[in-house]
>>> print(open('data-v3.cif').read())   # mmCIF, C-alpha atoms
data_structure
loop_
_atom_site.label_atom_id
_atom_site.label_comp_id
_atom_site.auth_asym_id
_atom_site.auth_seq_id
_atom_site.Cartn_x
_atom_site.Cartn_y
_atom_site.Cartn_z
CA MET C 16 -31.79 -7.79 -29.30
CA SER C 17 -30.77 -9.03 -25.83
CA ASP C 18 -28.30 -6.97 -23.87
CA ASN C 19 -27.10 -9.86 -21.67
CA GLY C 20 -23.91 -10.01 -23.71
CA HIS C 21 -22.50 -11.22 -27.00
CA ILE C 22 -20.86 -14.66 -26.87
CA LEU C 23 -18.71 -16.18 -29.60
CA VAL C 24 -18.47 -19.99 -29.68
CA VAL C 25 -15.37 -21.26 -31.52
CA ASP C 26 -15.48 -25.02 -32.11
CA ASP C 27 -14.82 -27.09 -35.22
CA GLN C 28 -17.77 -29.36 -34.35
CA LYS C 29 -20.84 -27.72 -35.86
CA GLU C 30 -23.14 -29.77 -33.63
CA ILE C 31 -21.60 -28.31 -30.49
CA CYS C 32 -21.80 -24.77 -31.89
CA ASP C 33 -25.46 -25.26 -32.77
CA VAL C 34 -26.44 -26.73 -29.40
CA VAL C 35 -24.62 -24.07 -27.39
CA GLN C 36 -25.95 -21.28 -29.62
CA GLU C 37 -29.54 -22.47 -29.22
CA TYR C 38 -29.24 -22.89 -25.45
CA LEU C 39 -27.50 -19.60 -24.68
CA SER C 40 -29.75 -17.71 -27.08
CA GLY C 41 -32.68 -19.08 -25.12
CA GLU C 42 -31.07 -17.65 -21.96
CA GLY C 43 -31.02 -14.16 -23.45
CA TYR C 44 -27.54 -13.95 -24.97
CA ARG C 45 -26.57 -12.97 -28.47
CA VAL C 46 -24.49 -15.88 -29.80
CA SER C 47 -22.22 -16.10 -32.84
CA THR C 48 -20.22 -19.14 -33.96
CA ALA C 49 -16.96 -19.85 -35.76
CA HIS C 50 -15.07 -23.05 -36.55
CA ASP C 51 -11.42 -21.90 -36.59
CA GLY C 52 -9.14 -18.98 -35.81
CA GLY C 53 -9.87 -17.20 -39.07
CA GLY C 54 -13.60 -17.36 -38.47
CA MET C 55 -13.11 -16.15 -34.92
CA ARG C 56 -11.19 -13.09 -36.09
CA ARG C 57 -13.81 -12.28 -38.72
CA VAL C 58 -16.55 -12.19 -36.08
CA LEU C 59 -14.40 -10.15 -33.70
CA GLY C 60 -13.55 -7.71 -36.47
CA GLN C 61 -17.21 -7.05 -37.22
CA ASN C 62 -18.79 -7.13 -33.74
CA HIS C 63 -18.24 -6.32 -30.09
CA VAL C 64 -17.89 -9.63 -28.27
CA ASP C 65 -17.96 -9.98 -24.47
CA LEU C 66 -16.93 -13.63 -24.12
CA VAL C 67 -15.31 -16.30 -26.31
CA ILE C 68 -15.98 -19.98 -25.65
CA LEU C 69 -12.94 -21.57 -27.25
CA ASP C 70 -12.24 -25.21 -28.03
CA LEU C 71 -8.63 -26.32 -27.57
CA MET C 72 -8.55 -28.69 -30.53
CA LEU C 73 -9.04 -26.61 -33.67
CA PRO C 74 -7.74 -26.92 -37.24
CA GLY C 75 -4.82 -24.59 -37.89
CA GLU C 76 -4.11 -22.45 -34.85
CA ASP C 77 -5.04 -24.29 -31.66
CA GLY C 78 -7.09 -22.89 -28.82
CA LEU C 79 -4.10 -22.15 -26.61
CA THR C 80 -2.49 -19.99 -29.28
CA LEU C 81 -5.76 -18.17 -29.91
CA ALA C 82 -6.34 -17.63 -26.19
CA ARG C 83 -2.92 -16.03 -25.82
CA SER C 84 -3.58 -13.81 -28.83
CA LEU C 85 -6.96 -12.74 -27.47
CA ARG C 86 -5.56 -11.91 -24.07
CA ASN C 87 -2.66 -9.91 -25.49
CA GLU C 88 -5.15 -7.80 -27.43
CA SER C 89 -7.99 -7.31 -24.95
CA GLY C 90 -9.62 -8.13 -21.63
CA ILE C 91 -12.34 -10.18 -23.32
CA GLY C 92 -13.71 -13.13 -21.34
CA ILE C 93 -12.34 -16.54 -22.36
CA ILE C 94 -13.65 -19.98 -21.45
CA ILE C 95 -11.69 -22.93 -22.84
CA LEU C 96 -13.43 -26.16 -23.80
CA THR C 97 -11.25 -29.24 -23.77
CA GLY C 98 -11.81 -32.92 -24.40
CA ARG C 99 -8.39 -33.69 -23.00
CA GLY C 100 -7.98 -35.14 -19.54
CA GLU C 101 -4.55 -33.81 -18.65
CA THR C 102 -4.43 -31.20 -15.91
CA VAL C 103 -1.48 -29.55 -17.68
CA ASP C 104 -3.73 -28.48 -20.56
CA ARG C 105 -6.07 -26.69 -18.19
CA ILE C 106 -3.20 -25.02 -16.37
CA ILE C 107 -1.55 -23.89 -19.61
CA GLY C 108 -4.89 -22.55 -20.80
CA LEU C 109 -5.28 -20.46 -17.67
CA GLU C 110 -1.68 -19.31 -17.99
CA MET C 111 -2.36 -18.22 -21.56
CA GLY C 112 -5.01 -15.88 -20.19
CA ALA C 113 -8.24 -17.91 -20.14
CA ASP C 114 -10.67 -17.03 -17.36
CA ASP C 115 -12.01 -20.54 -16.91
CA TYR C 116 -12.16 -23.99 -18.52
CA LEU C 117 -14.78 -26.66 -18.96
CA PRO C 118 -14.00 -30.27 -19.93
CA LYS C 119 -16.04 -32.07 -22.58
CA PRO C 120 -18.61 -33.49 -22.38
CA PHE C 121 -20.28 -30.76 -20.34
CA HIS C 122 -23.74 -29.94 -19.06
CA LEU C 123 -25.28 -26.84 -20.60
CA ARG C 124 -26.41 -25.58 -17.20
CA GLU C 125 -22.82 -25.73 -15.95
CA LEU C 126 -21.65 -23.87 -19.06
CA LEU C 127 -24.26 -21.19 -18.36
CA ALA C 128 -23.03 -20.83 -14.77
CA ARG C 129 -19.45 -20.42 -16.00
CA VAL C 130 -20.57 -17.87 -18.61
CA LYS C 131 -22.36 -15.78 -15.99
CA SER C 132 -19.37 -15.96 -13.65
CA VAL C 133 -16.83 -14.91 -16.28
CA LEU C 134 -19.03 -12.10 -17.57
CA ARG C 135 -19.29 -10.73 -14.02
CA ARG C 136 -15.50 -10.70 -13.75
CA VAL C 137 -15.11 -9.10 -17.17
CA GLN C 138 -17.49 -6.35 -16.16
CA SER C 139 -15.63 -5.82 -12.90
CA ARG C 140 -12.37 -5.47 -14.85
CA VAL C 141 -13.96 -2.80 -17.04
CA GLY C 142 -15.70 -1.05 -14.17
CA GLU C 143 -19.21 0.29 -13.73
CA PRO C 144 -20.12 3.55 -15.50
CA GLY C 145 -19.72 6.57 -13.26
CA GLN C 146 -17.59 4.74 -10.74
CA PRO C 147 -13.83 5.22 -10.18
CA VAL C 148 -12.00 2.40 -11.93
CA ARG C 149 -8.36 3.14 -11.27
CA THR C 150 -7.71 1.68 -7.85
CA THR C 151 -4.15 0.96 -6.79
CA ALA C 152 -2.99 -1.49 -4.11
CA ARG C 153 0.44 -0.88 -2.55
CA PHE C 154 2.32 -3.46 -0.51
CA ALA C 155 5.97 -3.95 0.49
CA GLY C 156 7.08 -1.35 -2.05
CA TRP C 157 5.06 -2.96 -4.87
CA SER C 158 2.19 -1.24 -6.68
CA LEU C 159 -0.70 -3.08 -8.38
CA ASP C 160 -3.13 -1.12 -10.56
CA LEU C 161 -6.38 -3.07 -10.35
CA SER C 162 -7.76 -1.35 -13.44
CA SER C 163 -4.89 -1.67 -15.91
CA ARG C 164 -3.50 -4.86 -14.24
CA ALA C 165 -0.06 -3.23 -14.16
CA LEU C 166 2.31 -4.44 -11.45
CA LEU C 167 5.28 -2.23 -10.60
CA SER C 168 8.24 -3.47 -8.56
CA PRO C 169 9.76 -1.41 -5.73
CA GLY C 170 12.30 -0.22 -8.31
CA GLY C 171 9.55 0.99 -10.65
CA VAL C 172 9.93 -1.81 -13.20
CA GLU C 173 6.71 -3.23 -14.66
CA VAL C 174 6.33 -6.96 -14.10
CA ARG C 175 4.03 -8.71 -16.56
CA LEU C 176 1.25 -10.84 -15.09
CA THR C 177 -0.90 -13.42 -16.80
CA THR C 178 -4.64 -13.14 -16.21
CA GLY C 179 -4.48 -16.01 -13.73
CA GLU C 180 -1.62 -14.42 -11.80
CA PHE C 181 -3.40 -11.06 -11.70
CA ASP C 182 -6.65 -12.62 -10.47
CA LEU C 183 -4.82 -14.50 -7.74
CA LEU C 184 -2.75 -11.50 -6.63
CA SER C 185 -5.93 -9.38 -6.56
CA ALA C 186 -7.51 -11.99 -4.29
CA PHE C 187 -4.47 -11.87 -2.00
CA VAL C 188 -4.29 -8.07 -1.75
CA GLY C 189 -8.01 -7.90 -1.07
CA ASN C 190 -7.69 -10.42 1.76
CA ALA C 191 -4.27 -9.65 3.22
CA ASN C 192 -3.25 -11.26 6.51
CA GLN C 193 -5.99 -13.86 6.27
CA VAL C 194 -5.39 -17.56 5.90
CA LEU C 195 -7.03 -18.56 2.61
CA SER C 196 -7.66 -22.18 1.64
CA ARG C 197 -7.19 -23.34 -1.94
CA ASP C 198 -10.97 -23.62 -2.31
CA ARG C 199 -11.40 -20.04 -1.08
CA LEU C 200 -8.70 -18.74 -3.39
CA LEU C 201 -10.30 -20.50 -6.36
CA ASP C 202 -13.63 -18.98 -5.39
CA LEU C 203 -12.13 -15.50 -5.08
CA ALA C 204 -9.95 -15.67 -8.17
CA ARG C 205 -12.06 -17.86 -10.44
CA ASN C 206 -15.52 -18.03 -8.87
CA ARG C 207 -15.51 -21.81 -8.93
CA GLU C 208 -14.86 -24.70 -6.57
CA ALA C 209 -11.73 -26.80 -6.64
CA GLY C 210 -11.86 -30.34 -7.94
CA PRO C 211 -10.23 -33.13 -5.97
CA PHE C 212 -7.04 -32.96 -8.08
CA ASP C 213 -7.08 -29.24 -8.90
CA ARG C 214 -3.58 -27.88 -8.27
CA THR C 215 -4.03 -24.71 -10.30
CA ILE C 216 -3.68 -22.47 -7.23
CA ASP C 217 -0.39 -24.10 -6.20
CA VAL C 218 1.02 -23.57 -9.69
CA GLN C 219 -0.10 -19.93 -9.75
CA VAL C 220 1.29 -19.27 -6.26
CA GLY C 221 4.64 -20.68 -7.35
CA ARG C 222 4.70 -18.38 -10.38
CA LEU C 223 3.74 -15.34 -8.30
CA ARG C 224 6.45 -16.11 -5.79
CA ARG C 225 9.06 -16.20 -8.54
CA LYS C 226 7.96 -12.73 -9.61
CA LEU C 227 7.46 -11.12 -6.17
CA GLU C 228 9.84 -12.79 -3.74
CA ASP C 229 13.55 -12.14 -3.28
CA ASP C 230 13.88 -15.81 -2.38
CA PRO C 231 10.97 -17.86 -3.77
CA GLN C 232 12.13 -20.92 -1.83
CA ASN C 233 11.78 -18.99 1.43
CA PRO C 234 8.87 -16.65 0.70
CA SER C 235 8.10 -13.71 2.95
CA LEU C 236 5.08 -12.26 1.12
CA ILE C 237 2.99 -15.33 0.24
CA LYS C 238 3.48 -17.89 3.00
CA THR C 239 2.21 -21.44 3.13
CA VAL C 240 0.09 -22.34 6.15
CA ARG C 241 0.52 -26.08 6.37
CA GLY C 242 -2.76 -27.94 6.10
CA SER C 243 -4.74 -24.74 5.62
CA GLY C 244 -3.61 -22.82 2.53
CA TYR C 245 -1.78 -19.53 2.07
CA ILE C 246 -1.52 -16.13 3.72
CA PHE C 247 -0.49 -12.82 2.13
CA THR C 248 1.50 -11.12 4.87
CA PRO C 249 2.22 -7.50 3.78
CA THR C 250 0.14 -4.53 4.85
CA VAL C 251 -1.88 -3.38 1.83
CA GLU C 252 -2.93 0.24 1.25
CA PHE C 253 -5.47 1.22 -1.41
CA SER C 254 -5.76 4.56 -3.20
#
>>> encode(input="data-v3.cif", output="structure tokens")
Amino acid sequence: MSDNGHILVVDDQKEICDVVQEYLSGEGYRVSTAHDGGGMRRVLGQNHVDLVILDLMLPGEDGLTLARSLRNESGIGIIILTGRGETVDRIIGLEMGADDYLPKPFHLRELLARVKSVLRRVQSRVGEPGQPVRTTARFAGWSLDLSSRALLSPGGVEVRLTTGEFDLLSAFVGNANQVLSRDRLLDLARNREAGPFDRTIDVQVGRLRRKLEDDPQNPSLIKTVRGSGYIFTPTVEFS
């Protein structure tokens, strides 16, 4: 049995499940399939799964609902497949907790690259055996636990972050006082390049500002550098 990871493909099109299963199995992954939310839960209840490849359009519960449920229950990797063209679907999917998305039709080699990227991030969230995993970043009175993903306000109140918001804030605290382009932020937070109309970072920055800033319209922590990107201005201390 391969130890590259166990991947669950959830798609109501059997042909897609079969093709992806054959390809990823050939790349050394253990691959299971399901065709709806009930099937997904049965597989998860019987096996350890590292990554779910999840179609948005499913009978019964849709992929967005299932992605939110998965993220609320675990840190499992999630890649959303979508045949839709609207950017809002991709953004909502990331907001629901997905790690990445891939529009249909897709190339299997690109899917493999996304799988490898997400599995690396999942492993980094869990931490390597024998290494300290509870690292805390402190800035402007805020405290971000990079292991548990808990964000505490200066008043000690926990502020809930989506996976996308946590990934972006982690990228900021790890590169404080540096001007970061949208492409660089996508690479740091998602390990992928921005498309020509990809505004995911702008949406995520806006959401983070509403959670972190006293005045989101005049931000002092995450500032826009016109024509270049964003800069995270506080001094960050790690412990």
>>> resolve_selection(input="data-v3.cif", expression="the PyMOL selection byres ((chain C and resi 77) around 12)", output="PyMOL selection string")
chain C and resi 25-27+50-53+55+69-76+78-84+95-97+104+108
>>> atom_distance(input="data-v3.cif", atom1="atom CA of C:Val58", atom2="atom CA of C:Tyr44")
15.7 Å
>>> residues_around(input="data-v3.cif", residues="C:Val34", least_positions_apart="2", cutoff="12 Å", atoms="all atoms listed in the file", output="number ranges by chain")
C: 24, 26, 28-32, 36-41, 46-48, 121-123, 126
>>> residues_around(input="data-v3.cif", residues="C:Ala204", least_positions_apart="5", cutoff="6 Å", atoms="all atoms listed in the file", output="count of residues only")
3
>>> atom_distance(input="data-v3.cif", atom1="atom CA of C:Phe181", atom2="atom CA of C:Gly221")
13.3 Å
>>> resolve_selection(input="data-v3.cif", expression="the PyMOL selection byres ((chain C and resi 228-240) around 12)", output="ChimeraX atom specification")
/C:154-157,168-169,183-184,186-188,190-197,216-217,219-227,241-251
>>> atom_distance(input="data-v3.cif", atom1="atom CA of C:Arg124", atom2="atom CA of C:Arg56")
27.3 Å
>>> residues_near_point(input="data-v3.cif", point="(-24.7, -11.7, -15.3)", cutoff="12 Å", atoms="only C-alpha atoms", output="ChimeraX atom specification")
/C:18-21,42-44,65-66,127-139
>>> closest_residue(input="data-v3.cif", among="C:Glu88, C:Leu109, C:Glu252, C:Thr215", to="C:Asp160", atoms="all atoms listed in the file")
C:Glu252
